[in-house]
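Novice: Below is run-v1.cif; it holds mmCIF, C-alpha atoms.
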```
data_upload
loop_
_atom_site.label_atom_id
_atom_site.label_comp_id
_atom_site.auth_asym_id
_atom_site.auth_seq_id
_atom_site.Cartn_x
_atom_site.Cartn_y
_atom_site.Cartn_z
CA MET U 768 -177.21 -36.61 -14.32
CA GLN U 769 -177.10 -36.52 -18.12
CA ASN U 770 -176.07 -40.18 -18.18
CA LEU U 771 -178.68 -41.31 -15.66
CA VAL U 772 -181.57 -39.49 -17.29
CA HIS U 773 -180.75 -39.53 -21.00
CA HIS U 774 -178.57 -42.55 -21.70
CA GLN U 775 -180.24 -45.10 -19.45
CA LEU U 776 -183.89 -44.60 -20.30
CA LYS U 777 -183.95 -48.11 -21.75
CA LEU U 778 -182.42 -49.54 -18.58
CA CYS U 779 -184.24 -47.64 -15.87
CA PRO U 780 -187.41 -45.60 -15.42
CA TYR U 781 -185.76 -42.21 -14.81
CA GLN U 782 -187.27 -39.48 -16.98
CA ALA U 783 -186.01 -36.46 -15.08
CA GLY U 784 -183.71 -35.63 -12.21
CA GLN U 785 -183.21 -33.02 -9.52
CA ILE U 786 -179.92 -31.93 -7.97
CA LEU U 787 -179.90 -30.07 -4.66
CA THR U 788 -177.06 -27.62 -4.96
CA LEU U 789 -175.11 -24.85 -3.33
CA PHE U 790 -173.16 -22.41 -5.47
CA PRO U 791 -170.19 -24.71 -6.06
CA LYS U 792 -167.48 -22.09 -6.49
CA PHE U 793 -167.63 -20.64 -3.00
CA PRO U 794 -166.30 -22.24 0.19
CA PRO U 795 -169.01 -22.11 2.92
CA GLN U 796 -167.58 -19.01 4.59
CA LYS U 797 -167.81 -17.02 1.32
CA ARG U 798 -171.13 -18.21 -0.07
CA PRO U 799 -173.77 -15.52 -0.70
CA LYS U 800 -176.67 -15.40 1.75
CA GLY U 801 -179.61 -17.56 0.78
CA ASP U 802 -177.42 -19.60 -1.58
CA PHE U 803 -179.30 -22.83 -2.22
CA GLY U 804 -181.26 -24.16 -5.12
CA ILE U 805 -182.48 -27.05 -7.22
CA LYS U 806 -181.23 -28.02 -10.67
CA PHE U 807 -183.85 -29.85 -12.69
CA ASN U 808 -182.73 -31.89 -15.70
CA CYS U 809 -185.26 -33.32 -18.14
CA GLU U 810 -185.35 -36.30 -20.50
CA ASN U 811 -182.46 -35.15 -22.72
CA GLY U 812 -180.14 -34.95 -19.72
CA GLY U 813 -179.78 -31.17 -19.90
CA PRO U 814 -181.39 -28.31 -17.97
CA VAL U 815 -185.12 -27.94 -18.50
CA PRO U 816 -186.15 -25.20 -20.97
CA ASP U 817 -187.76 -21.96 -19.85
CA HIS U 818 -191.33 -23.01 -20.66
CA VAL U 819 -191.00 -25.91 -18.19
CA THR U 820 -189.63 -23.79 -15.35
CA ASP U 821 -192.30 -21.17 -16.06
CA ALA U 822 -195.00 -23.87 -15.78
CA ILE U 823 -193.45 -25.16 -12.54
CA HIS U 824 -193.43 -21.65 -11.10
CA LYS U 825 -197.07 -21.18 -12.02
CA ILE U 826 -197.97 -24.39 -10.18
CA THR U 827 -196.09 -23.24 -7.05
CA THR U 828 -198.33 -20.18 -6.88
CA GLU U 829 -201.37 -22.47 -6.68
CA ILE U 830 -200.16 -24.82 -3.90
CA SER U 831 -202.49 -24.62 -0.91
CA SER U 832 -200.93 -27.35 1.25
CA TYR U 833 -198.30 -30.10 1.26
CA SER U 834 -197.58 -33.22 3.32
CA ILE U 835 -194.37 -34.57 4.83
CA CYS U 836 -193.72 -38.27 5.35
CA ARG U 837 -191.25 -38.49 8.21
CA ASP U 838 -190.98 -42.29 8.38
CA ILE U 839 -188.92 -42.84 5.22
CA ASN U 840 -185.32 -43.50 6.17
CA VAL U 841 -182.77 -44.48 3.51
CA ASP U 842 -179.07 -45.08 4.06
CA THR U 843 -177.67 -43.23 1.04
CA GLY U 844 -174.23 -44.67 1.78
CA ILE U 845 -175.31 -48.13 0.63
CA ILE U 846 -176.12 -48.91 -3.01
CA GLY U 847 -179.50 -50.57 -3.37
CA HIS U 848 -183.21 -50.47 -4.23
CA HIS U 849 -185.76 -49.35 -1.62
CA GLU U 850 -189.56 -49.41 -1.79
CA PHE U 851 -192.01 -47.82 0.65
CA ASP U 852 -195.81 -47.85 0.81
CA VAL U 853 -197.07 -44.35 1.58
CA ASP U 854 -200.69 -43.99 2.66
CA GLY U 855 -202.70 -42.16 0.05
CA MET U 856 -199.77 -41.93 -2.36
CA GLY U 857 -198.93 -45.51 -3.29
CA LYS U 858 -195.44 -46.89 -3.74
CA TYR U 859 -192.40 -44.65 -3.19
CA ILE U 860 -189.12 -45.92 -4.68
CA VAL U 861 -185.59 -44.81 -3.85
CA ASP U 862 -182.59 -46.12 -5.83
CA VAL U 863 -179.11 -45.43 -4.46
CA ILE U 864 -176.69 -45.77 -7.36
CA ASP U 865 -172.96 -45.43 -8.02
CA SER U 866 -172.86 -42.44 -10.34
CA VAL U 867 -169.12 -42.85 -10.92
CA GLU U 868 -169.53 -46.38 -12.28
CA ASP U 869 -172.34 -45.33 -14.63
CA TYR U 870 -170.38 -42.33 -15.89
CA VAL U 871 -167.21 -44.34 -16.51
CA GLU U 872 -169.11 -46.99 -18.47
CA LEU U 873 -170.60 -44.24 -20.66
CA MET U 874 -167.18 -42.67 -21.29
CA LYS U 875 -165.78 -46.07 -22.33
CA THR U 876 -168.35 -46.19 -25.15
CA ILE U 877 -167.29 -42.76 -26.41
CA PHE U 878 -163.50 -42.68 -26.10
CA ASP U 879 -160.60 -45.02 -26.73
CA PHE U 880 -158.64 -44.26 -23.59
CA PRO U 881 -155.03 -43.45 -24.62
CA THR U 882 -151.84 -43.90 -22.62
CA LEU U 883 -150.30 -40.57 -21.71
CA ARG U 884 -148.78 -39.06 -18.60
CA ILE U 885 -151.07 -36.38 -17.29
CA LEU U 886 -151.43 -34.24 -14.15
CA ILE U 887 -154.96 -33.51 -12.93
CA ASP U 888 -156.16 -31.17 -10.17
CA SER U 889 -159.76 -31.72 -9.00
CA MET U 890 -159.43 -28.86 -6.48
CA HIS U 891 -161.32 -30.90 -3.84
CA GLY U 892 -164.46 -30.66 -5.97
CA ALA U 893 -167.00 -33.12 -7.35
CA THR U 894 -164.76 -34.57 -10.09
CA GLY U 895 -162.37 -36.27 -7.64
CA PRO U 896 -163.96 -39.76 -7.53
CA TYR U 897 -164.47 -39.76 -11.32
CA VAL U 898 -160.88 -38.71 -11.95
CA SER U 899 -159.54 -41.38 -9.59
CA THR U 900 -161.58 -44.15 -11.23
CA ILE U 901 -160.84 -43.20 -14.85
CA PHE U 902 -157.24 -42.06 -14.62
CA ASN U 903 -155.94 -44.21 -11.78
CA ASP U 904 -157.94 -47.42 -12.03
CA LEU U 905 -158.35 -47.55 -15.83
CA LEU U 906 -155.42 -45.58 -17.25
CA GLY U 907 -152.86 -46.40 -14.58
CA CYS U 908 -151.92 -42.86 -13.58
CA VAL U 909 -149.93 -42.79 -10.35
CA GLY U 910 -151.65 -41.29 -7.36
CA THR U 911 -149.14 -38.45 -7.04
CA ASP U 912 -150.21 -37.19 -10.50
CA LEU U 913 -153.82 -36.77 -9.32
CA LEU U 914 -154.09 -33.72 -7.09
CA ARG U 915 -156.81 -32.85 -4.55
CA THR U 916 -159.18 -35.64 -5.62
CA VAL U 917 -160.97 -35.96 -2.26
CA PRO U 918 -164.15 -33.80 -2.33
CA LYS U 919 -164.45 -31.47 0.65
CA PRO U 920 -167.35 -29.19 1.64
CA ASP U 921 -164.98 -26.22 1.95
CA PHE U 922 -162.78 -27.29 -1.01
CA GLY U 923 -159.91 -27.63 1.42
CA GLY U 924 -159.95 -23.87 1.91
CA CYS U 925 -159.00 -23.25 -1.72
CA TYR U 926 -160.89 -21.30 -4.37
CA PRO U 927 -161.99 -23.99 -6.86
CA ASP U 928 -161.60 -22.03 -10.08
CA PRO U 929 -159.44 -23.76 -12.72
CA ASN U 930 -157.06 -21.05 -13.86
CA LEU U 931 -153.38 -20.16 -13.69
CA THR U 932 -153.81 -18.43 -10.32
CA TYR U 933 -155.83 -20.91 -8.26
CA ALA U 934 -154.31 -24.07 -9.75
CA LYS U 935 -150.77 -22.79 -9.16
CA ASP U 936 -149.36 -26.09 -7.85
CA LEU U 937 -150.46 -27.83 -11.05
CA VAL U 938 -149.01 -25.04 -13.20
CA ASP U 939 -145.68 -25.12 -11.36
CA ARG U 940 -145.35 -28.90 -11.80
CA MET U 941 -146.24 -28.62 -15.48
CA ARG U 942 -143.54 -25.96 -16.01
CA VAL U 943 -140.86 -28.54 -15.21
CA GLY U 944 -141.61 -30.06 -18.62
CA GLU U 945 -141.79 -33.73 -17.63
CA VAL U 946 -145.53 -34.22 -18.20
CA ASP U 947 -147.37 -34.17 -21.53
CA MET U 948 -150.64 -32.63 -20.39
CA GLY U 949 -152.34 -31.07 -17.37
CA ALA U 950 -155.93 -30.29 -16.44
CA ALA U 951 -157.89 -28.72 -13.60
CA PHE U 952 -161.62 -28.67 -12.82
CA ASP U 953 -163.85 -26.31 -10.86
CA GLY U 954 -166.05 -27.26 -7.91
CA ASP U 955 -168.87 -28.91 -9.85
CA GLY U 956 -166.76 -30.09 -12.78
CA ASP U 957 -168.34 -28.18 -15.65
CA ARG U 958 -165.41 -25.84 -16.32
CA ASN U 959 -161.83 -26.90 -16.93
CA MET U 960 -158.34 -25.69 -17.74
CA ILE U 961 -156.12 -27.50 -20.25
CA LEU U 962 -152.31 -27.22 -20.19
CA GLY U 963 -149.72 -28.60 -22.56
CA LYS U 964 -146.13 -29.54 -21.79
CA SER U 965 -144.15 -26.87 -19.93
CA ALA U 966 -147.48 -25.31 -18.82
CA PHE U 967 -148.56 -24.22 -22.32
CA PHE U 968 -151.94 -22.62 -21.57
CA VAL U 969 -154.95 -23.37 -23.76
CA CYS U 970 -157.52 -20.57 -23.71
CA PRO U 971 -161.06 -21.94 -23.02
CA SER U 972 -162.34 -20.53 -26.31
CA ASP U 973 -159.55 -22.24 -28.24
CA SER U 974 -160.04 -25.48 -26.33
CA LEU U 975 -163.67 -25.74 -27.41
CA ALA U 976 -162.79 -24.76 -30.98
CA VAL U 977 -160.09 -27.44 -31.22
CA ILE U 978 -162.45 -30.14 -29.95
CA ALA U 979 -165.08 -29.08 -32.48
CA ASN U 980 -162.53 -29.02 -35.29
CA TYR U 981 -161.28 -32.54 -34.52
CA ILE U 982 -164.60 -34.08 -33.53
CA ASP U 983 -164.08 -36.88 -36.07
CA CYS U 984 -161.23 -38.14 -33.89
CA ILE U 985 -163.73 -39.15 -31.21
CA PRO U 986 -165.37 -42.54 -31.88
CA TYR U 987 -169.12 -42.87 -31.52
CA PHE U 988 -169.58 -39.12 -31.06
CA LYS U 989 -172.64 -39.12 -33.31
CA ASN U 990 -174.36 -41.30 -30.69
CA ILE U 991 -173.88 -38.92 -27.80
CA ASN U 992 -175.57 -35.63 -26.99
CA VAL U 993 -173.58 -33.55 -24.51
CA ALA U 994 -176.45 -31.67 -22.92
CA GLU U 995 -174.42 -30.24 -20.04
CA LYS U 996 -170.96 -28.73 -19.73
CA ASP U 997 -168.67 -31.55 -18.65
CA GLY U 998 -165.03 -30.85 -17.82
CA ILE U 999 -163.96 -34.49 -17.67
CA TRP U 1000 -165.59 -35.14 -21.06
CA ALA U 1001 -163.59 -32.21 -22.50
CA LEU U 1002 -160.34 -33.61 -21.10
CA LEU U 1003 -161.04 -37.07 -22.51
CA ALA U 1004 -161.84 -35.46 -25.87
CA TRP U 1005 -158.43 -33.78 -25.80
CA LEU U 1006 -156.69 -37.05 -24.94
CA GLN U 1007 -158.47 -38.76 -27.83
CA ILE U 1008 -157.36 -36.02 -30.23
CA LEU U 1009 -153.74 -36.30 -29.04
CA ALA U 1010 -153.81 -40.07 -29.52
CA VAL U 1011 -155.15 -39.81 -33.08
CA LYS U 1012 -153.07 -36.85 -34.29
CA ARG U 1013 -149.83 -37.98 -32.59
CA LYS U 1014 -148.95 -34.38 -31.82
CA SER U 1015 -148.53 -32.35 -28.65
CA VAL U 1016 -151.10 -29.97 -27.19
CA GLU U 1017 -149.00 -26.98 -28.24
CA GLU U 1018 -148.54 -28.25 -31.80
CA ILE U 1019 -152.27 -28.85 -32.26
CA VAL U 1020 -153.24 -25.46 -30.87
CA LYS U 1021 -150.69 -23.52 -32.92
CA GLU U 1022 -151.77 -25.29 -36.11
CA HIS U 1023 -155.34 -24.29 -35.24
CA TRP U 1024 -154.29 -20.66 -34.79
CA ALA U 1025 -152.48 -20.63 -38.13
CA GLU U 1026 -155.67 -21.72 -39.89
CA TYR U 1027 -158.46 -20.01 -37.97
CA GLY U 1028 -156.87 -17.32 -35.81
CA ARG U 1029 -156.80 -17.18 -32.04
CA ASN U 1030 -159.20 -16.22 -29.26
CA VAL U 1031 -157.70 -14.75 -26.10
CA PHE U 1032 -160.01 -14.94 -23.10
CA THR U 1033 -160.16 -13.37 -19.67
CA ARG U 1034 -162.92 -12.96 -17.09
CA TYR U 1035 -163.61 -10.58 -14.23
CA ASP U 1036 -165.87 -11.61 -11.37
CA TYR U 1037 -167.57 -8.90 -9.32
CA GLU U 1038 -168.60 -10.90 -6.28
CA ASN U 1039 -170.97 -10.29 -3.36
CA VAL U 1040 -172.80 -7.58 -5.27
CA GLU U 1041 -175.98 -6.07 -3.87
CA SER U 1042 -178.85 -7.55 -5.87
CA GLY U 1043 -180.81 -4.33 -6.38
CA GLY U 1044 -177.85 -2.40 -7.73
CA ALA U 1045 -176.66 -5.36 -9.80
CA ASN U 1046 -180.04 -5.76 -11.50
CA LEU U 1047 -180.20 -2.02 -12.13
CA LEU U 1048 -176.75 -2.11 -13.70
CA MET U 1049 -177.65 -5.05 -15.96
CA THR U 1050 -180.85 -3.31 -17.07
CA PHE U 1051 -178.95 -0.16 -17.92
CA LEU U 1052 -176.21 -2.11 -19.70
CA GLU U 1053 -178.76 -3.84 -21.92
CA ALA U 1054 -180.41 -0.57 -22.88
CA SER U 1055 -177.14 1.29 -23.48
CA MET U 1056 -175.49 -1.51 -25.46
CA ASN U 1057 -178.52 -1.79 -27.76
CA ALA U 1058 -178.05 1.89 -28.53
CA SER U 1059 -174.37 1.35 -29.34
CA LYS U 1060 -174.81 -0.69 -32.54
CA GLY U 1061 -172.59 0.74 -35.25
CA LYS U 1062 -170.75 2.98 -32.79
CA GLU U 1063 -167.07 2.91 -31.91
CA LEU U 1064 -165.54 2.31 -28.47
CA SER U 1065 -162.01 3.55 -27.93
CA ALA U 1066 -159.34 3.23 -25.25
CA ASN U 1067 -155.57 3.76 -25.28
CA GLY U 1068 -155.60 4.66 -28.95
CA VAL U 1069 -157.38 1.50 -30.16
CA THR U 1070 -160.92 1.57 -31.57
CA TYR U 1071 -163.47 -1.24 -31.79
CA LYS U 1072 -166.65 -0.92 -33.84
CA VAL U 1073 -169.81 -2.55 -32.47
CA ALA U 1074 -171.35 -4.92 -35.03
CA HIS U 1075 -174.13 -6.52 -32.98
CA THR U 1076 -175.61 -6.60 -29.46
CA ASP U 1077 -178.15 -8.92 -27.87
CA ASN U 1078 -179.33 -10.73 -24.77
CA PHE U 1079 -178.23 -14.15 -25.92
CA GLU U 1080 -180.80 -16.88 -26.52
CA TYR U 1081 -179.91 -20.49 -27.22
CA THR U 1082 -182.13 -22.75 -29.30
CA ASP U 1083 -181.51 -26.45 -28.68
CA PRO U 1084 -180.93 -28.10 -32.08
CA VAL U 1085 -182.38 -31.38 -30.81
CA ASP U 1086 -185.71 -30.45 -29.25
CA GLY U 1087 -186.07 -26.81 -30.34
CA SER U 1088 -186.37 -25.49 -26.77
CA VAL U 1089 -185.16 -21.94 -26.17
CA ALA U 1090 -183.07 -20.74 -23.21
CA LYS U 1091 -183.46 -16.97 -22.89
CA LYS U 1092 -181.42 -14.25 -21.16
CA GLN U 1093 -178.14 -16.16 -21.18
CA GLY U 1094 -175.92 -13.07 -21.16
CA LEU U 1095 -175.58 -9.56 -22.58
CA ARG U 1096 -173.29 -9.68 -25.61
CA VAL U 1097 -171.42 -6.95 -27.45
CA LEU U 1098 -169.93 -8.27 -30.70
CA PHE U 1099 -167.30 -6.26 -32.58
CA GLU U 1100 -166.51 -6.23 -36.28
CA ASP U 1101 -163.08 -7.87 -35.81
CA GLY U 1102 -164.61 -10.94 -34.09
CA SER U 1103 -163.92 -9.86 -30.50
CA ARG U 1104 -166.76 -9.79 -27.98
CA LEU U 1105 -167.79 -8.77 -24.46
CA VAL U 1106 -170.30 -10.70 -22.35
CA PHE U 1107 -171.97 -9.68 -19.07
CA ARG U 1108 -173.80 -12.25 -16.94
CA LEU U 1109 -175.49 -11.99 -13.55
CA SER U 1110 -175.19 -15.23 -11.58
CA VAL U 1111 -176.41 -15.44 -7.95
CA ALA U 1112 -174.49 -12.58 -6.25
CA THR U 1113 -171.83 -12.26 -8.96
CA ILE U 1114 -171.59 -10.21 -12.14
CA ARG U 1115 -169.26 -11.93 -14.58
CA PHE U 1116 -167.56 -9.87 -17.28
CA TYR U 1117 -166.10 -11.99 -20.10
CA VAL U 1118 -163.64 -10.61 -22.64
CA ASP U 1119 -162.96 -12.69 -25.75
CA SER U 1120 -160.50 -11.00 -28.09
CA TYR U 1121 -159.90 -12.34 -31.58
CA VAL U 1122 -156.40 -12.39 -33.10
CA SER U 1123 -156.26 -12.83 -36.87
CA PRO U 1124 -153.96 -15.54 -38.29
CA HIS U 1125 -152.31 -12.71 -40.24
CA ASP U 1126 -151.32 -10.86 -37.02
CA THR U 1127 -148.07 -12.77 -36.49
CA ASN U 1128 -146.90 -10.39 -33.76
CA LYS U 1129 -149.65 -11.55 -31.40
CA LEU U 1130 -150.55 -14.96 -32.79
CA TYR U 1131 -147.77 -16.93 -31.10
CA SER U 1132 -147.14 -14.72 -28.05
CA SER U 1133 -147.87 -16.15 -24.61
CA ALA U 1134 -151.50 -15.88 -23.51
CA GLN U 1135 -150.52 -13.71 -20.54
CA ILE U 1136 -148.79 -11.14 -22.76
CA VAL U 1137 -151.66 -10.97 -25.25
CA VAL U 1138 -154.24 -10.69 -22.45
CA LYS U 1139 -152.37 -7.73 -20.93
CA VAL U 1140 -152.33 -5.96 -24.28
CA GLU U 1141 -156.03 -6.61 -24.88
CA GLU U 1142 -156.94 -5.53 -21.34
CA ALA U 1143 -155.36 -2.16 -22.06
CA HIS U 1144 -157.66 -1.74 -25.04
CA LEU U 1145 -160.78 -3.88 -25.29
CA VAL U 1146 -161.55 -4.13 -21.55
CA GLN U 1147 -161.06 -0.45 -20.81
CA ALA U 1148 -163.33 0.84 -23.57
CA PRO U 1149 -166.71 -0.18 -22.06
CA VAL U 1150 -165.48 0.34 -18.49
CA GLN U 1151 -164.54 3.94 -19.23
CA THR U 1152 -167.87 4.48 -20.98
CA ALA U 1153 -169.78 3.11 -17.96
CA ARG U 1154 -167.81 5.27 -15.53
CA HIS U 1155 -168.42 8.39 -17.58
CA GLN U 1156 -172.15 7.70 -17.48
CA GLY U 1157 -172.16 6.85 -13.76
CA THR U 1158 -173.46 3.31 -14.14
CA THR U 1159 -171.09 1.34 -11.91
CA ARG U 1160 -173.15 1.69 -8.72
CA GLY U 1161 -174.10 -1.98 -8.83
CA LEU U 1162 -170.44 -2.90 -8.37
CA GLN U 1163 -169.76 -0.80 -5.29
CA GLY U 1164 -168.45 -2.87 -2.40
CA SER U 1165 -167.99 -5.94 -4.58
CA GLU U 1166 -164.89 -8.14 -4.62
CA ILE U 1167 -163.15 -8.20 -8.00
CA LYS U 1168 -161.29 -11.31 -9.14
CA ASP U 1169 -159.36 -11.43 -12.40
CA GLN U 1170 -159.74 -14.91 -13.87
#
```
Turn the structure described in the file into structure tokens.
Specialist:
Amino acid sequence: MQNLVHHQLKLCPYQAGQILTLFPKFPPQKRPKGDFGIKFNCENGGPVPDHVTDAIHKITTEISSYSICRDINVDTGIIGHHEFDVDGMGKYIVDVIDSVEDYVELMKTIFDFPTLRILIDSMHGATGPYVSTIFNDLLGCVGTDLLRTVPKPDFGGCYPDPNLTYAKDLVDRMRVGEVDMGAAFDGDGDRNMILGKSAFFVCPSDSLAVIANYIDCIPYFKNINVAEKDGIWALLAWLQILAVKRKSVEEIVKEHWAEYGRNVFTRYDYENVESGGANLLMTFLEASMNASKGKELSANGVTYKVAHTDNFEYTDPVDGSVAKKQGLRVLFEDGSRLVFRLSVATIRFYVDSYVSPHDTNKLYSSAQIVVKVEEAHLVQAPVQTARHQGTTRGLQGSEIKDQ
């Protein structure tokens, strides 16, 4: 959508786009009730800012009637241009395009595609056709190195979350040590997992930091605005960095840790939560965390001091638009943080623990070992506080998944 709306304004008349969507992480049998929606992207290719959605909502409250034209039939399986004359409305135009072709052409202007053996798991999600075109047709990857690239409505019965648990087949093949790099994508392709040789795991926080640190390795980057999360873009950025630096994934990441320190990340999903209780919990969390500034949270003999709390707002550096209420954040003095987000029928609890470059005991330990240590400390502190104050009612009956 970003490519169609933002990067082709000179070639086509699209100034905005809508995507009809189901919550992409859930197979049909597990989707929350009433799960359906519309994503609306504006002229910069990214989600519309709050003031636009607020204006749209206001208009919906003033609609007194609407009309349906039942005689427009378009075969969306055939690429082409269609025009219809609608009485009282004028000309109605439908363009059926190949989004894969447009996306690949854009990527070719951003990256110099390197030659490297890589394993990719699309988890039967939306990235499959893009992965096949870029990595099989252009880069010559063999078909057996591209896993689950056929999109399926039920994701083939799998849980399309790119982590060490749900992309196990990819992880097991990477552990053999014959492949330089591995990657997996979630159902709609915005999130990804990066692995180095022998299944060296790159934490999402570190992955983003490495790309930002080596952004000069990516040609033409100054001409591109990444307005949406894009897992394939992130993978191509990594490949470009590897090609320029002539080092392995593990070498690049460990050099990054030695200079900047390390972020260890984990996430807990509380799924199928009751909306009333979940909203009550989030309201209480926001009030209680704002009162915790300067206080200390302790668990298992380790203490973290709260430096700052907020309900995160993001200001777009390009157009100045502001996206509000993006997540409740608790920031600690040592650089660690907790984030709570309510999404559809799921409360997501993110834990991002910072390891100083001077802490050599943890710096080069496996991610799984460090996560277990941090879970015993940083995760338990706010959980114990919430339990003591009786504020976990919104999570009762929910399914908990450790990401």
Novice: Could you tell me which residues the PyMOL selection byres ((chain U and resi 1130) around 12) returns for this structure, as a list in words?
Specialist: Val1020, Lys1021, Glu1022, His1023, Trp1024, Ala1025, Glu1026, Tyr1027, Gly1028, Arg1029, Asn1030, Val1031, Ser1120, Tyr1121, Val1122, Ser1123, Pro1124, His1125, Asp1126, Thr1127, Asn1128, Lys1129, Tyr1131, Ser1132, Ser1133, Ala1134, Ile1136, Val1137 and Val1138 of chain U
Novice: Please write as a VMD selection string the full residue list that the PyMOL selection byres ((chain U and resi 853-857) around 10) yields on this file.
Specialist: chain U and resid 836 838 to 839 850 to 852 858 to 860
Novice: Can you turn the PyMOL selection byres ((chain U and resi 1075) around 6) into a concrete residue list for this file, as a ChimeraX atom specification?
Specialist: /U:1060,1073-1074,1076,1098
Novice: Can you tell me, as a PyMOL selection string, which residues sit within 12 Å of (-149.5, -38.1, -28.6) in the file's frame, using all atoms listed in the file?
Specialist: chain U and resi 881-885+946-948+963-964+1005-1019
Novice: Report the closest atom pair, with its distance in Å rounded to one decimal, for each residue of range 966-1073 of chain U that has an atom no farther than 9 Å from range 1116-1119 of chain U; count all atoms listed in the file, sort by chain and then rising residue number, and write it as a Markdown table.
Specialist:
```
| residue | atom | partner | partner_atom | distance |
| --- | --- | --- | --- | --- |
| U:Ser972 | CA | U:Asp1119 | CA | 7.9 |
| U:Asn1030 | CA | U:Asp1119 | CA | 6.2 |
| U:Val1031 | CA | U:Asp1119 | CA | 5.7 |
| U:Phe1032 | CA | U:Asp1119 | CA | 4.6 |
| U:Thr1033 | CA | U:Val1118 | CA | 5.3 |
| U:Arg1034 | CA | U:Tyr1117 | CA | 4.5 |
| U:Tyr1035 | CA | U:Phe1116 | CA | 5.0 |
| U:Asp1036 | CA | U:Phe1116 | CA | 6.4 |
| U:Tyr1037 | CA | U:Phe1116 | CA | 8.0 |
```
Novice: Distance CA of Ser1042 in chain U-CA of Ala822 in chain U, one decimal place?
Specialist: 25.0 Å
Novice: Where's the centre, and what are the edge lengths in Å to one decimal, of a box along x, y and z enclosing all listed atoms of range 1033-1052 of chain U padded 8 Å per side, as JSON?
Specialist:
```
{"center_x": -170.5, "center_y": -6.8, "center_z": -11.5, "size_x": 36.7, "size_y": 29.2, "size_z": 32.3}
```
Novice: Env of Phe902 in chain U: 10 Å cut, atoms = only C-alpha atoms, seq-sep filter 6 positions within chain, self excluded. Answer as a list in words.
Specialist: Phe880, Thr882, Arg884, Ile885, Leu886, Ile887, Cys908, Val909, Gly910, Asp912 and Leu913 of chain U
Novice: What does the file look like for those residues with C-alpha atoms, as a PDB file, keeping the file's coordinate frame?
Specialist:
```pdb
ATOM      1  CA  PHE U 880    -158.640 -44.260 -23.590  1.00  0.00           C
ATOM      2  CA  THR U 882    -151.840 -43.900 -22.620  1.00  0.00           C
ATOM      3  CA  ARG U 884    -148.780 -39.060 -18.600  1.00  0.00           C
ATOM      4  CA  ILE U 885    -151.070 -36.380 -17.290  1.00  0.00           C
ATOM      5  CA  LEU U 886    -151.430 -34.240 -14.150  1.00  0.00           C
ATOM      6  CA  ILE U 887    -154.960 -33.510 -12.930  1.00  0.00           C
ATOM      7  CA  CYS U 908    -151.920 -42.860 -13.580  1.00  0.00           C
ATOM      8  CA  VAL U 909    -149.930 -42.790 -10.350  1.00  0.00           C
ATOM      9  CA  GLY U 910    -151.650 -41.290  -7.360  1.00  0.00           C
ATOM     10  CA  ASP U 912    -150.210 -37.190 -10.500  1.00  0.00           C
ATOM     11  CA  LEU U 913    -153.820 -36.770  -9.320  1.00  0.00           C
TER      12      LEU U 913
END
```
Novice: Determine, counting all atoms listed in the file, which protein, DNA and RNA residues have an atom within 12 Å of an atom of Glu868 in chain U; residues of the same chain fewer than 2 positions away are not included. Present the result as a VMD selection string.
Specialist: chain U and resid 770 to 771 846 864 to 866 870 to 875 896 to 901 904 to 905
Novice: Produce a file of the selected residues containing C-alpha atoms, as a PDB file, in the frame of the given file.
Specialist:
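In the end it all went to result-v3.pdb:
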```pdb
ATOM      1  CA  ASN U 770    -176.070 -40.180 -18.180  1.00  0.00           C
ATOM      2  CA  LEU U 771    -178.680 -41.310 -15.660  1.00  0.00           C
ATOM      3  CA  ILE U 846    -176.120 -48.910  -3.010  1.00  0.00           C
ATOM      4  CA  ILE U 864    -176.690 -45.770  -7.360  1.00  0.00           C
ATOM      5  CA  ASP U 865    -172.960 -45.430  -8.020  1.00  0.00           C
ATOM      6  CA  SER U 866    -172.860 -42.440 -10.340  1.00  0.00           C
ATOM      7  CA  TYR U 870    -170.380 -42.330 -15.890  1.00  0.00           C
ATOM      8  CA  VAL U 871    -167.210 -44.340 -16.510  1.00  0.00           C
ATOM      9  CA  GLU U 872    -169.110 -46.990 -18.470  1.00  0.00           C
ATOM     10  CA  LEU U 873    -170.600 -44.240 -20.660  1.00  0.00           C
ATOM     11  CA  MET U 874    -167.180 -42.670 -21.290  1.00  0.00           C
ATOM     12  CA  LYS U 875    -165.780 -46.070 -22.330  1.00  0.00           C
ATOM     13  CA  PRO U 896    -163.960 -39.760  -7.530  1.00  0.00           C
ATOM     14  CA  TYR U 897    -164.470 -39.760 -11.320  1.00  0.00           C
ATOM     15  CA  VAL U 898    -160.880 -38.710 -11.950  1.00  0.00           C
ATOM     16  CA  SER U 899    -159.540 -41.380  -9.590  1.00  0.00           C
ATOM     17  CA  THR U 900    -161.580 -44.150 -11.230  1.00  0.00           C
ATOM     18  CA  ILE U 901    -160.840 -43.200 -14.850  1.00  0.00           C
ATOM     19  CA  ASP U 904    -157.940 -47.420 -12.030  1.00  0.00           C
ATOM     20  CA  LEU U 905    -158.350 -47.550 -15.830  1.00  0.00           C
TER      21      LEU U 905
END
```
Novice: Can you work out the spacing between CA of Ala1058 in chain U and CA of Ala1090 in chain U in Å, to one decimal?
Specialist: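 Between CA of Ala1058 in chain U and CA of Ala1090 in chain U the gap is 23.8 Å.
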Novice: Work out how far apart CA of Leu937 in chain U and CA of Asp973 in chain U are and give it in Å to one decimal.
Specialist: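 Interatomic distance here is 20.2 Å.
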